file work.cif (mmCIF, C-alpha atoms)
data_model
#
loop_
_atom_site.label_atom_id
_atom_site.label_comp_id
_atom_site.auth_asym_id
_atom_site.auth_seq_id
_atom_site.Cartn_x
_atom_site.Cartn_y
_atom_site.Cartn_z
CA MET A 319 124.20 48.56 -93.80
CA PHE A 320 123.58 47.20 -90.27
CA LEU A 321 120.60 45.21 -91.56
CA LEU A 322 122.85 43.27 -93.97
CA LEU A 323 125.25 42.11 -91.20
CA PRO A 324 124.76 38.85 -89.24
CA PHE A 325 123.33 39.27 -85.76
CA ASP A 326 126.62 38.49 -83.97
CA SER A 327 128.53 40.98 -86.09
CA LEU A 328 125.85 43.61 -85.47
CA VAL A 329 126.15 43.17 -81.69
CA VAL A 330 129.97 43.40 -81.85
CA ASN A 331 129.79 46.52 -84.00
CA LEU A 332 127.27 48.20 -81.73
CA LEU A 333 129.37 47.32 -78.67
CA GLY A 334 132.50 48.69 -80.34
CA ILE A 335 130.73 51.92 -81.28
CA SER A 336 129.36 52.30 -77.71
CA ILE A 337 132.81 51.83 -76.15
CA THR A 338 134.36 54.27 -78.63
CA VAL A 339 131.70 56.89 -77.89
CA LEU A 340 132.13 56.37 -74.12
CA PHE A 341 135.90 56.82 -74.19
CA THR A 342 135.58 59.80 -76.51
CA LEU A 343 133.19 61.46 -74.07
CA LEU A 344 135.51 60.62 -71.18
CA LEU A 345 138.47 62.09 -73.04
CA VAL A 346 136.70 65.27 -74.17
CA PHE A 347 134.62 66.12 -71.11
CA ILE A 348 136.66 64.71 -68.19
CA ILE A 349 140.28 63.76 -68.91
CA VAL A 350 141.30 66.73 -71.08
CA PRO A 351 139.64 69.31 -68.76
CA ALA A 352 141.39 67.59 -65.82
CA ILE A 353 144.77 67.92 -67.54
CA PHE A 354 144.32 71.67 -68.03
CA GLY A 355 142.53 72.27 -64.73
CA VAL A 356 139.29 73.56 -66.24
CA SER A 357 135.67 72.58 -65.75
CA PHE A 358 132.60 72.78 -67.96
CA GLY A 359 130.32 73.12 -64.90
CA ILE A 360 128.65 69.75 -65.46
CA ARG A 361 129.27 68.61 -61.88
CA LYS A 362 127.69 71.77 -60.42
CA VAL A 363 124.56 71.34 -62.56
CA TYR A 364 124.49 67.70 -61.44
CA MET A 365 124.73 68.78 -57.78
CA LYS A 366 121.93 71.36 -58.08
CA THR A 367 119.69 68.77 -59.76
CA LEU A 368 120.35 66.29 -56.96
CA LEU A 369 119.50 68.90 -54.32
CA LYS A 370 116.11 69.54 -55.89
CA ILE A 371 115.39 65.79 -56.03
CA PHE A 372 116.49 65.34 -52.39
CA GLN A 373 114.22 68.18 -51.26
CA TRP A 374 111.21 66.66 -53.02
CA ALA A 375 111.97 63.15 -51.71
CA THR A 376 112.49 64.40 -48.16
CA LEU A 377 109.20 66.32 -48.11
CA ARG A 378 107.36 63.32 -49.55
CA ILE A 379 108.84 60.81 -47.11
CA GLU A 380 108.28 63.08 -44.10
CA ARG A 381 104.65 63.64 -45.10
CA GLY A 382 104.12 59.91 -45.47
CA ALA A 383 105.79 59.18 -42.15
CA LYS A 384 103.65 61.79 -40.42
CA GLU A 385 100.48 60.24 -41.84
CA LYS A 386 101.55 56.83 -40.50
CA ASN A 387 102.83 58.26 -37.20
CA HIS A 388 106.16 56.60 -37.88
CA PRO A 389 109.45 57.95 -36.39
CA LEU A 390 111.60 58.42 -39.44
CA TYR A 391 114.91 59.95 -38.37
CA LYS A 392 117.35 59.69 -35.53
CA PRO A 393 118.76 63.22 -35.76
CA TYR A 394 122.49 63.47 -35.16
CA VAL A 395 123.46 65.60 -32.19
CA ASN A 396 126.81 66.34 -30.63
CA GLY A 397 125.63 65.18 -27.22
CA ILE A 398 122.59 63.86 -25.38
CA ILE A 399 123.64 65.46 -22.10
CA ALA A 400 124.02 69.19 -21.54
CA LYS A 401 127.54 69.48 -20.14
CA GLU A 402 128.94 72.68 -18.74
CA PRO A 403 132.48 73.54 -19.92
CA THR A 404 133.81 74.02 -16.37
CA SER A 405 136.91 72.70 -14.64
CA LEU A 406 137.07 69.99 -11.99
CA GLU A 407 137.86 72.57 -9.30
CA GLU A 408 134.92 74.82 -10.24
CA GLU A 409 132.42 71.95 -10.29
CA ILE A 410 133.51 70.55 -6.94
CA LYS A 411 133.32 74.03 -5.40
CA GLU A 412 129.77 74.31 -6.72
CA ILE A 413 128.84 71.00 -5.09
CA ARG A 414 130.43 72.08 -1.80
CA ARG A 415 128.67 75.44 -1.97
CA SER A 416 125.26 73.75 -2.14
CA GLY A 417 125.91 71.07 0.48
CA SER A 418 128.35 72.37 3.07
CA GLY A 419 128.82 75.38 5.33
CA LYS A 420 132.63 75.17 5.33
CA ALA A 421 134.94 77.53 3.52
CA LEU A 422 135.01 76.66 -0.16
CA ASP A 423 138.80 76.82 -0.37
CA THR A 424 139.38 74.45 2.54
CA PRO A 425 142.01 71.97 1.35
CA GLU A 426 140.47 68.78 2.72
CA PHE A 427 138.26 65.91 1.61
CA GLU A 428 134.49 66.43 1.46
CA LEU A 429 132.10 63.50 1.14
CA SER A 430 130.09 65.48 -1.39
CA ASP A 431 133.07 65.35 -3.78
CA ILE A 432 132.08 61.77 -4.56
CA PHE A 433 128.97 62.98 -6.37
CA TYR A 434 131.11 64.82 -8.93
CA PHE A 435 132.96 61.65 -9.93
CA CYS A 436 129.78 59.56 -9.93
CA ARG A 437 128.07 62.05 -12.21
CA LYS A 438 131.08 62.23 -14.56
CA GLY A 439 131.21 58.44 -14.77
CA ILE A 440 127.52 58.12 -15.63
CA GLU A 441 127.79 60.93 -18.21
CA THR A 442 130.71 59.17 -19.88
CA ILE A 443 128.89 55.84 -20.02
CA MET A 444 125.74 57.40 -21.50
CA ASP A 445 127.40 59.93 -23.81
CA ASP A 446 130.98 59.01 -24.66
CA GLU A 447 132.30 61.91 -26.71
CA VAL A 448 135.11 59.77 -28.18
CA THR A 449 133.63 56.58 -29.62
CA LYS A 450 130.79 58.41 -31.36
CA ARG A 451 133.43 60.23 -33.45
CA PHE A 452 134.19 56.91 -35.15
CA SER A 453 130.73 56.15 -36.52
CA ALA A 454 129.02 57.75 -39.49
CA GLU A 455 126.35 60.30 -38.75
CA GLU A 456 122.75 59.71 -39.82
CA LEU A 457 121.40 62.57 -41.88
CA GLU A 458 118.34 64.57 -40.93
CA SER A 459 117.25 64.47 -44.59
CA TRP A 460 117.16 61.56 -47.00
CA ASN A 461 119.49 61.51 -50.01
CA LEU A 462 118.08 58.32 -51.58
CA LEU A 463 120.93 56.23 -50.11
CA SER A 464 119.45 53.53 -47.89
CA ARG A 465 122.58 53.53 -45.72
CA THR A 466 121.81 57.10 -44.59
CA ASN A 467 118.43 56.25 -43.13
CA TYR A 468 118.04 52.86 -41.51
CA ASN A 469 114.43 53.57 -40.47
CA PHE A 470 113.20 53.93 -44.04
CA GLN A 471 109.94 52.12 -44.85
CA TYR A 472 107.69 52.02 -47.89
CA ILE A 473 105.95 55.37 -48.34
CA SER A 474 104.74 55.58 -51.91
CA LEU A 475 105.20 53.97 -55.32
CA ARG A 476 106.75 57.10 -56.85
CA LEU A 477 109.33 57.35 -54.10
CA THR A 478 110.22 53.67 -54.40
CA VAL A 479 110.60 53.96 -58.18
CA LEU A 480 112.81 57.02 -57.72
CA TRP A 481 115.00 55.13 -55.23
CA GLY A 482 115.25 52.16 -57.62
CA LEU A 483 116.17 54.47 -60.49
CA GLY A 484 118.85 55.98 -58.29
CA VAL A 485 120.31 52.51 -57.60
CA LEU A 486 120.47 51.78 -61.35
CA ILE A 487 122.16 55.11 -62.08
CA ARG A 488 124.72 54.74 -59.29
CA TYR A 489 125.64 51.10 -59.91
CA CYS A 490 125.11 50.71 -63.65
CA PHE A 491 126.30 54.11 -64.92
CA LEU A 492 128.29 56.04 -62.31
CA LEU A 493 130.21 53.05 -60.89
CA PRO A 494 131.64 51.79 -64.24
CA LEU A 495 132.41 55.37 -65.28
CA ARG A 496 134.23 56.08 -62.02
CA ILE A 497 136.18 52.82 -62.12
CA ALA A 498 137.33 53.65 -65.66
CA LEU A 499 138.44 57.12 -64.56
CA ALA A 500 140.21 55.82 -61.45
CA PHE A 501 142.03 53.20 -63.54
CA THR A 502 143.01 55.90 -66.04
CA GLY A 503 144.29 58.23 -63.31
CA ILE A 504 146.30 55.56 -61.48
CA SER A 505 147.75 54.15 -64.72
CA LEU A 506 148.84 57.60 -65.87
CA LEU A 507 150.33 58.31 -62.43
CA VAL A 508 152.44 55.14 -62.43
CA THR A 509 153.48 55.49 -66.08
CA GLY A 510 154.10 59.25 -65.95
CA THR A 511 156.15 59.25 -62.73
CA THR A 512 158.19 56.27 -63.91
CA VAL A 513 159.09 58.01 -67.18
CA VAL A 514 159.84 61.32 -65.44
CA GLY A 515 162.01 59.44 -62.94
CA TYR A 516 164.51 58.57 -65.67
CA LEU A 517 165.10 62.22 -66.54
CA PRO A 518 168.16 63.98 -65.08
CA SER A 519 167.53 66.16 -62.03
CA GLY A 520 166.74 69.76 -62.87
CA ARG A 521 163.97 72.24 -63.49
CA CYS A 522 162.53 70.24 -66.38
CA LYS A 523 162.14 67.10 -64.25
CA GLU A 524 160.65 69.10 -61.38
CA PHE A 525 158.18 70.85 -63.71
CA LEU A 526 157.04 67.61 -65.35
CA SER A 527 156.80 65.78 -62.01
CA LYS A 528 154.55 68.44 -60.50
CA HIS A 529 152.21 68.54 -63.48
CA VAL A 530 152.02 64.75 -63.86
CA HIS A 531 151.01 64.45 -60.20
CA LEU A 532 148.53 67.31 -60.50
CA MET A 533 146.96 65.92 -63.70
CA CYS A 534 146.53 62.41 -62.29
CA TYR A 535 145.07 63.59 -58.98
CA ARG A 536 142.56 65.76 -60.82
CA ILE A 537 141.44 62.75 -62.85
CA CYS A 538 141.06 60.73 -59.63
CA VAL A 539 138.99 63.58 -58.12
CA ARG A 540 136.65 63.35 -61.08
CA ALA A 541 136.47 59.59 -60.56
CA LEU A 542 134.66 60.40 -57.29
CA THR A 543 132.56 63.18 -58.84
CA ALA A 544 134.16 65.42 -56.24
CA ILE A 545 133.02 69.03 -56.08
CA ILE A 546 135.58 70.97 -54.06
CA THR A 547 135.53 74.62 -53.03
CA TYR A 548 138.93 76.04 -52.12
CA HIS A 549 139.12 79.15 -49.93
CA ASP A 550 142.03 81.58 -49.33
CA ARG A 551 144.36 80.06 -51.89
CA GLU A 552 146.94 82.74 -51.18
CA ASN A 553 147.73 80.75 -47.99
CA ARG A 554 148.58 77.52 -49.84
CA PRO A 555 151.61 75.67 -48.41
CA ARG A 556 155.04 76.58 -49.76
CA ASN A 557 158.33 74.73 -50.12
CA GLY A 558 160.18 73.98 -46.92
CA GLY A 559 157.01 73.89 -44.82
CA ILE A 560 154.63 71.32 -43.36
CA CYS A 561 150.96 71.15 -44.31
CA VAL A 562 148.75 69.71 -41.54
CA ALA A 563 145.04 68.97 -41.92
CA ASN A 564 142.21 67.20 -40.13
CA HIS A 565 141.68 63.65 -41.35
CA THR A 566 138.33 62.18 -42.42
CA SER A 567 139.17 59.89 -45.31
CA PRO A 568 142.07 58.49 -47.38
CA ILE A 569 140.85 60.73 -50.20
CA ASP A 570 141.92 63.79 -48.18
CA VAL A 571 145.26 63.33 -49.95
CA ILE A 572 143.64 63.52 -53.39
CA ILE A 573 141.47 66.48 -52.37
CA LEU A 574 144.52 68.55 -51.37
CA ALA A 575 146.96 67.26 -54.01
CA SER A 576 144.58 68.19 -56.83
CA ASP A 577 145.14 71.86 -55.93
CA GLY A 578 148.80 71.89 -54.95
CA TYR A 579 152.09 70.02 -54.90
CA TYR A 580 153.06 67.99 -51.84
CA ALA A 581 155.62 65.46 -50.69
CA MET A 582 153.78 62.56 -49.09
CA VAL A 583 154.80 60.87 -45.86
CA GLY A 584 153.85 57.30 -45.10
CA GLN A 585 154.70 53.69 -44.52
CA ILE A 586 155.90 51.51 -47.39
CA HIS A 587 153.18 49.11 -48.58
CA GLY A 588 153.07 46.10 -50.83
CA GLY A 589 150.76 45.26 -53.73
CA LEU A 590 149.26 47.98 -55.89
CA MET A 591 149.96 50.69 -53.30
CA GLY A 592 153.60 49.65 -53.25
CA VAL A 593 153.83 49.91 -57.05
CA ILE A 594 152.37 53.43 -56.91
CA GLN A 595 154.75 54.47 -54.10
CA ARG A 596 157.85 53.20 -55.91
CA ALA A 597 156.83 54.99 -59.10
CA MET A 598 156.03 58.27 -57.30
CA VAL A 599 159.31 58.44 -55.38
CA LYS A 600 161.28 58.22 -58.64
CA ALA A 601 159.85 61.54 -59.80
CA CYS A 602 159.43 63.38 -56.48
CA PRO A 603 161.18 63.22 -53.08
CA HIS A 604 158.36 61.64 -51.08
CA VAL A 605 159.23 60.32 -47.60
CA TRP A 606 158.42 56.61 -47.27
CA PHE A 607 159.30 54.59 -44.16
CA GLU A 608 159.77 50.87 -43.60
CA ARG A 609 157.47 49.35 -40.99
CA SER A 610 160.33 49.02 -38.50
CA GLU A 611 161.41 52.65 -39.07
CA VAL A 612 157.98 54.11 -38.30
CA LYS A 613 158.34 53.05 -34.65
CA ASP A 614 161.62 54.96 -34.35
CA ARG A 615 160.40 58.48 -33.51
CA HIS A 616 163.85 60.01 -33.69
CA LEU A 617 164.55 58.56 -37.13
CA VAL A 618 161.22 59.86 -38.47
CA ALA A 619 161.90 63.34 -37.02
CA LYS A 620 165.39 63.34 -38.53
CA ARG A 621 164.12 62.44 -42.01
CA LEU A 622 161.41 65.10 -41.86
CA THR A 623 163.82 67.74 -40.56
CA GLU A 624 166.26 67.05 -43.40
CA HIS A 625 163.41 67.40 -45.89
CA VAL A 626 162.05 70.74 -44.65
CA GLN A 627 165.53 72.25 -44.33
CA ASP A 628 165.89 71.98 -48.10
CA LYS A 629 163.79 74.93 -49.29
CA SER A 630 163.72 73.53 -52.83
CA LYS A 631 161.69 70.49 -51.75
CA LEU A 632 157.92 70.36 -51.71
CA PRO A 633 155.94 70.93 -48.51
CA ILE A 634 155.23 67.78 -46.53
CA LEU A 635 151.58 66.73 -46.16
CA ILE A 636 150.80 65.25 -42.72
CA PHE A 637 147.60 64.29 -40.90
CA PRO A 638 148.61 64.58 -37.22
CA GLU A 639 145.51 62.84 -35.85
CA GLY A 640 146.86 59.55 -37.15
CA THR A 641 143.40 58.13 -37.88
CA CYS A 642 140.15 59.07 -39.61
CA ILE A 643 137.53 61.03 -37.63
CA ASN A 644 133.90 61.26 -38.74
CA ASN A 645 133.81 64.82 -40.13
CA THR A 646 132.37 66.27 -36.92
CA SER A 647 135.48 66.79 -34.79
CA VAL A 648 139.23 67.27 -34.62
CA MET A 649 141.05 65.05 -32.13
CA MET A 650 144.51 65.26 -30.57
CA PHE A 651 147.39 66.13 -32.91
CA LYS A 652 150.53 64.06 -32.42
CA LYS A 653 153.37 66.38 -31.49
CA GLY A 654 156.03 64.87 -33.78
CA SER A 655 155.49 67.14 -36.78
CA PHE A 656 155.41 70.21 -34.50
CA GLU A 657 158.83 69.53 -32.95
CA ILE A 658 160.73 70.05 -36.20
CA GLY A 659 160.65 73.85 -36.12
CA ALA A 660 159.35 74.35 -39.66
CA THR A 661 156.56 76.72 -40.71
CA VAL A 662 153.20 74.96 -40.39
CA TYR A 663 150.41 75.57 -42.93
CA PRO A 664 147.07 74.51 -41.37
CA VAL A 665 144.27 73.30 -43.65
CA ALA A 666 140.65 72.62 -42.63
CA ILE A 667 138.60 70.11 -44.63
CA LYS A 668 134.83 69.80 -44.19
CA TYR A 669 132.67 67.37 -46.21
CA ASP A 670 128.99 67.85 -47.02
CA PRO A 671 127.30 64.52 -46.06
CA GLN A 672 124.18 65.22 -48.15
CA PHE A 673 125.69 63.58 -51.23
CA GLY A 674 127.78 60.83 -49.65
CA ASP A 675 129.59 59.99 -46.43
CA ALA A 676 133.35 60.37 -46.90
CA PHE A 677 134.29 59.02 -43.46
CA TRP A 678 136.27 55.77 -43.46
CA ASN A 679 135.45 53.60 -40.47
CA SER A 680 138.53 51.39 -40.85
CA SER A 681 137.51 49.18 -37.92
CA LYS A 682 134.29 48.26 -39.74
CA TYR A 683 135.06 48.42 -43.47
CA GLY A 684 138.07 47.31 -45.49
CA MET A 685 139.55 49.55 -48.16
CA VAL A 686 137.77 47.76 -51.05
CA THR A 687 134.36 48.01 -49.33
CA TYR A 688 135.00 51.64 -48.48
CA LEU A 689 135.94 52.53 -52.06
CA LEU A 690 132.83 50.74 -53.33
CA ARG A 691 130.67 52.82 -50.97
CA MET A 692 132.42 55.99 -52.11
CA MET A 693 132.05 55.20 -55.81
CA THR A 694 128.38 54.35 -55.43
CA SER A 695 127.56 57.58 -53.60
CA TRP A 696 126.07 60.49 -55.50
CA ALA A 697 129.12 62.71 -55.17
CA ILE A 698 131.77 63.94 -52.76
CA VAL A 699 131.25 67.60 -51.89
CA CYS A 700 133.64 69.42 -49.58
CA SER A 701 135.17 72.77 -48.67
CA VAL A 702 138.88 73.36 -48.07
CA TRP A 703 140.22 76.37 -46.16
CA TYR A 704 143.90 77.33 -46.32
CA LEU A 705 144.72 79.06 -43.03
CA PRO A 706 147.56 81.59 -42.58
CA PRO A 707 150.95 79.95 -41.81
CA MET A 708 151.82 79.46 -38.15
CA THR A 709 155.16 79.17 -36.36
CA ARG A 710 156.06 77.96 -32.91
CA GLN A 711 156.34 80.76 -30.36
CA PRO A 712 159.41 80.97 -28.07
CA GLU A 713 157.37 80.17 -24.96
CA GLU A 714 155.50 77.25 -26.53
CA ASP A 715 156.37 73.58 -26.39
CA ALA A 716 155.41 71.18 -29.20
CA VAL A 717 152.17 70.08 -27.51
CA GLN A 718 150.95 73.64 -27.00
CA PHE A 719 151.80 74.52 -30.60
CA ALA A 720 149.95 71.46 -31.87
CA ASN A 721 146.88 72.37 -29.80
CA ARG A 722 146.93 75.94 -31.11
CA VAL A 723 147.03 74.73 -34.72
CA LYS A 724 144.28 72.17 -34.01
CA SER A 725 142.03 74.81 -32.49
CA ALA A 726 142.45 77.06 -35.53
CA ILE A 727 141.50 74.19 -37.87
CA ALA A 728 138.47 73.23 -35.76
CA ARG A 729 137.26 76.83 -35.54
CA GLN A 730 137.52 77.38 -39.32
CA GLY A 731 135.93 74.07 -40.29
CA GLY A 732 133.09 74.28 -37.75
CA LEU A 733 134.36 71.13 -36.02
CA VAL A 734 134.37 70.15 -32.34
CA ASP A 735 137.82 70.59 -30.79
CA LEU A 736 138.63 67.53 -28.66
CA LEU A 737 141.73 66.79 -26.57
CA TRP A 738 141.32 63.00 -26.78
CA ASP A 739 143.77 60.84 -28.73
CA GLY A 740 142.34 59.29 -31.90
CA GLY A 741 144.29 56.14 -30.98
CA LEU A 742 141.44 55.37 -28.55
CA LYS A 743 139.67 54.04 -31.63
CA ARG A 744 141.63 50.80 -31.07
CA GLU A 745 143.34 51.21 -27.68
CA LYS A 746 142.36 51.70 -24.06
CA VAL A 747 142.67 55.02 -22.27
CA LYS A 748 146.26 55.61 -21.22
CA ASP A 749 147.06 55.72 -17.51
CA ALA A 750 148.43 59.24 -18.01
CA PHE A 751 144.89 60.57 -18.62
CA LYS A 752 143.63 58.99 -15.39
CA GLU A 753 146.65 60.18 -13.42
CA GLU A 754 146.10 63.76 -14.64
CA GLN A 755 142.63 63.89 -13.05
CA GLN A 756 143.96 62.23 -9.89
CA LYS A 757 146.71 64.83 -9.59
CA LEU A 758 144.24 67.70 -10.00
CA TYR A 759 142.01 66.34 -7.26
CA SER A 760 144.96 65.56 -4.99
CA LYS A 761 146.16 69.13 -5.36
CA MET A 762 142.75 70.35 -4.19
CA ILE A 763 142.82 68.04 -1.15
CA VAL A 764 146.42 68.65 -0.12
CA GLY A 765 146.40 72.34 -0.98
CA ASN A 766 149.39 74.44 -1.95
CA HIS A 767 152.32 75.38 0.30
CA GLU A 768 150.57 78.51 1.56
CA ASP A 769 147.56 76.50 2.67
CA ARG A 770 149.76 74.04 4.58
CA SER A 771 151.74 76.83 6.23
CA ARG A 772 148.56 78.53 7.45
CA SER A 773 147.30 75.25 8.89
#

call {"tool": "encode", "arguments": {"input": "work.cif", "output": "structure tokens"}}
result
Amino acid sequence: MFLLLPFDSLVVNLLGISITVLFTLLLVFIIVPAIFGVSFGIRKVYMKTLLKIFQWATLRIERGAKEKNHPLYKPYVNGIIAKEPTSLEEEIKEIRRSGSGKALDTPEFELSDIFYFCRKGIETIMDDEVTKRFSAEELESWNLLSRTNYNFQYISLRLTVLWGLGVLIRYCFLLPLRIALAFTGISLLVTGTTVVGYLPSGRCKEFLSKHVHLMCYRICVRALTAIITYHDRENRPRNGGICVANHTSPIDVIILASDGYYAMVGQIHGGLMGVIQRAMVKACPHVWFERSEVKDRHLVAKRLTEHVQDKSKLPILIFPEGTCINNTSVMMFKKGSFEIGATVYPVAIKYDPQFGDAFWNSSKYGMVTYLLRMMTSWAIVCSVWYLPPMTRQPEEDAVQFANRVKSAIARQGGLVDLLWDGGLKREKVKDAFKEEQQKLYSKMIVGNHEDRSRS
């Protein structure tokens, strides 16, 4: 029959059949399983296949580099200087012990103290433990993404052909497929929440709202070929609480919301994001703030307190770091969400960089560029741990409580626990940090009241 049709009609028919087959496959193997929360295991087979290819490619490239005596990798390390985790007082005492015959506890200035500050300054210049948390790590093995190994050079024809084939698969097959899925998920989210928003308040509306959100987030997860392992689900956040997690990427929201129901907190946006926000808030009590309101700390705390006091409302999802960190560390948690007095449900998220770098360096890439990099990666693989709920102890202030929660998240996720503020990504060090070190040293020089009385 096809032979009897004109050429133009044949092309149109073949194109129509291809599109129909594509959408049928999407519906049967991705969208419908996402709606019911099931999986055929295709993504896991895909991941295992990629691992075998990466292992072969890595061995081949390392052998070729060794033959050419060519330095291939710049292995990522947490630090280039071996630093001892000791206090200012202990280190200065050690310097005095080696260079002075005076009593170590003498509360007066020693010239040798200068060496401590000189050494600390040089260490900070050479190995700043803050700024390196805002740049993507370079892998110690190659995953056929040129952006993960900037030292790559031609090794062999087979390896080059394999890399080229990978580019075709990622840009010509995976990218269109993922864009179609993302468009489907976002369209269903806007349409579904808008329709549910017109229903009268009650159990039916709440049930439909939860499942519309869950269905759409699961479709969006599949748009990134995300393979997520959830641990300790019995600790998942409950109504009337606050869920706090470390922050690596904007997709952290999708990762968590595809396994539970949350009320989002954020600033009101315009454009497509604004359309999504307005549709979502019709079906679920999310907490959106105007730009001017975000600066009012008391207003934000009041809105959040009112939300968590209603035990029928969904748990609030908050990322207390306030910015994205590169999947190696957890930085200072802002104390605002820990002042409310609600039960806190900590969550640790750790991405596997072998298949794609999830970190968003917002100072270097815009959202469109970042999404393009994500959708042209092989996959997004991560683990999520739900930690036992935590409450503020009577003797704790908000800062101490925040640090305790942060430490638990860092310990579970295998992340470095840092006290620095993530705002240093765009701002200078606050004077308060400098003054804290000055006060500690001044206390050593002046001594306490007992020292002064003895003198």

call {"tool": "resolve_selection", "arguments": {"input": "work.cif", "expression": "the PyMOL selection byres ((chain A and resi 738) around 7)", "output": "PyMOL selection string"}}
result
chain A and resi 649-650+736-737+739-740

call {"tool": "closest_residue", "arguments": {"input": "work.cif", "among": "A:Ile572, A:Met693, A:Ala716, A:Val734", "to": "Phe491 of chain A", "atoms": "all atoms listed in the file"}}
result
A:Met693

call {"tool": "atom_distance", "arguments": {"input": "work.cif", "atom1": "atom CA of Ala720 of chain A", "atom2": "atom CA of Asn564 of chain A"}}
result
12.1 Å

call {"tool": "atom_distance", "arguments": {"input": "work.cif", "atom1": "atom CA of Ile560 of chain A", "atom2": "atom CA of Ser505 of chain A"}}
result
28.3 Å

call {"tool": "resolve_selection", "arguments": {"input": "work.cif", "expression": "the PyMOL selection byres ((chain A and resi 535) around 7)", "output": "PDB file with C-alpha atoms, in the frame of the given file"}}
result
ATOM      1  CA  GLY A 503     144.290  58.230 -63.310  1.00  0.00           C
ATOM      2  CA  HIS A 531     151.010  64.450 -60.200  1.00  0.00           C
ATOM      3  CA  LEU A 532     148.530  67.310 -60.500  1.00  0.00           C
ATOM      4  CA  MET A 533     146.960  65.920 -63.700  1.00  0.00           C
ATOM      5  CA  CYS A 534     146.530  62.410 -62.290  1.00  0.00           C
ATOM      6  CA  ARG A 536     142.560  65.760 -60.820  1.00  0.00           C
ATOM      7  CA  ILE A 537     141.440  62.750 -62.850  1.00  0.00           C
ATOM      8  CA  CYS A 538     141.060  60.730 -59.630  1.00  0.00           C
ATOM      9  CA  VAL A 539     138.990  63.580 -58.120  1.00  0.00           C
ATOM     10  CA  ILE A 572     143.640  63.520 -53.390  1.00  0.00           C
ATOM     11  CA  ALA A 575     146.960  67.260 -54.010  1.00  0.00           C
ATOM     12  CA  SER A 576     144.580  68.190 -56.830  1.00  0.00           C
TER      13      SER A 576
END

call {"tool": "residues_around", "arguments": {"input": "work.cif", "residues": "Thr566 of chain A", "least_positions_apart": "3", "cutoff": "10 Å", "atoms": "all atoms listed in the file", "output": "MDAnalysis selection string"}}
result
chainID A and resid 452 563 569:570 637 639 641:648 667:669 675:679

call {"tool": "write_last_selection", "arguments": {"input": "work.cif", "atoms": "C-alpha atoms", "output": "PDB file, in the coordinates of the input"}}
result
ATOM      1  CA  PHE A 452     134.190  56.910 -35.150  1.00  0.00           C
ATOM      2  CA  ALA A 563     145.040  68.970 -41.920  1.00  0.00           C
ATOM      3  CA  ILE A 569     140.850  60.730 -50.200  1.00  0.00           C
ATOM      4  CA  ASP A 570     141.920  63.790 -48.180  1.00  0.00           C
ATOM      5  CA  PHE A 637     147.600  64.290 -40.900  1.00  0.00           C
ATOM      6  CA  GLU A 639     145.510  62.840 -35.850  1.00  0.00           C
ATOM      7  CA  THR A 641     143.400  58.130 -37.880  1.00  0.00           C
ATOM      8  CA  CYS A 642     140.150  59.070 -39.610  1.00  0.00           C
ATOM      9  CA  ILE A 643     137.530  61.030 -37.630  1.00  0.00           C
ATOM     10  CA  ASN A 644     133.900  61.260 -38.740  1.00  0.00           C
ATOM     11  CA  ASN A 645     133.810  64.820 -40.130  1.00  0.00           C
ATOM     12  CA  THR A 646     132.370  66.270 -36.920  1.00  0.00           C
ATOM     13  CA  SER A 647     135.480  66.790 -34.790  1.00  0.00           C
ATOM     14  CA  VAL A 648     139.230  67.270 -34.620  1.00  0.00           C
ATOM     15  CA  ILE A 667     138.600  70.110 -44.630  1.00  0.00           C
ATOM     16  CA  LYS A 668     134.830  69.800 -44.190  1.00  0.00           C
ATOM     17  CA  TYR A 669     132.670  67.370 -46.210  1.00  0.00           C
ATOM     18  CA  ASP A 675     129.590  59.990 -46.430  1.00  0.00           C
ATOM     19  CA  ALA A 676     133.350  60.370 -46.900  1.00  0.00           C
ATOM     20  CA  PHE A 677     134.290  59.020 -43.460  1.00  0.00           C
ATOM     21  CA  TRP A 678     136.270  55.770 -43.460  1.00  0.00           C
ATOM     22  CA  ASN A 679     135.450  53.600 -40.470  1.00  0.00           C
TER      23      ASN A 679
END

call {"tool": "atom_distance", "arguments": {"input": "work.cif", "atom1": "atom CA of Val508 of chain A", "atom2": "atom CA of Leu632 of chain A"}}
result
19.4 Å

call {"tool": "residues_near_point", "arguments": {"input": "work.cif", "point": "(135.1, 77.2, -40.5)", "cutoff": "9 Å", "atoms": "all atoms listed in the file", "output": "mmCIF file with C-alpha atoms, keeping the file's coordinate frame"}}
result
data_model
loop_
_atom_site.group_PDB
_atom_site.id
_atom_site.type_symbol
_atom_site.label_atom_id
_atom_site.label_comp_id
_atom_site.auth_asym_id
_atom_site.auth_seq_id
_atom_site.Cartn_x
_atom_site.Cartn_y
_atom_site.Cartn_z
ATOM 1 C CA ALA A 666 140.650 72.620 -42.630
ATOM 2 C CA ILE A 667 138.600 70.110 -44.630
ATOM 3 C CA LYS A 668 134.830 69.800 -44.190
ATOM 4 C CA TRP A 703 140.220 76.370 -46.160
ATOM 5 C CA ALA A 726 142.450 77.060 -35.530
ATOM 6 C CA ILE A 727 141.500 74.190 -37.870
ATOM 7 C CA ALA A 728 138.470 73.230 -35.760
ATOM 8 C CA ARG A 729 137.260 76.830 -35.540
ATOM 9 C CA GLN A 730 137.520 77.380 -39.320
ATOM 10 C CA GLY A 731 135.930 74.070 -40.290
ATOM 11 C CA GLY A 732 133.090 74.280 -37.750
ATOM 12 C CA LEU A 733 134.360 71.130 -36.020
#

call {"tool": "axis_aligned_box", "arguments": {"input": "work.cif", "around": "segment 682-689 of chain A", "padding_each_side": "8 Å", "output": "lines of an AutoDock Vina configuration file"}}
result
center_x = 136.9
center_y = 49.9
center_z = -45.9
size_x = 21.3
size_y = 21.2
size_z = 28.3
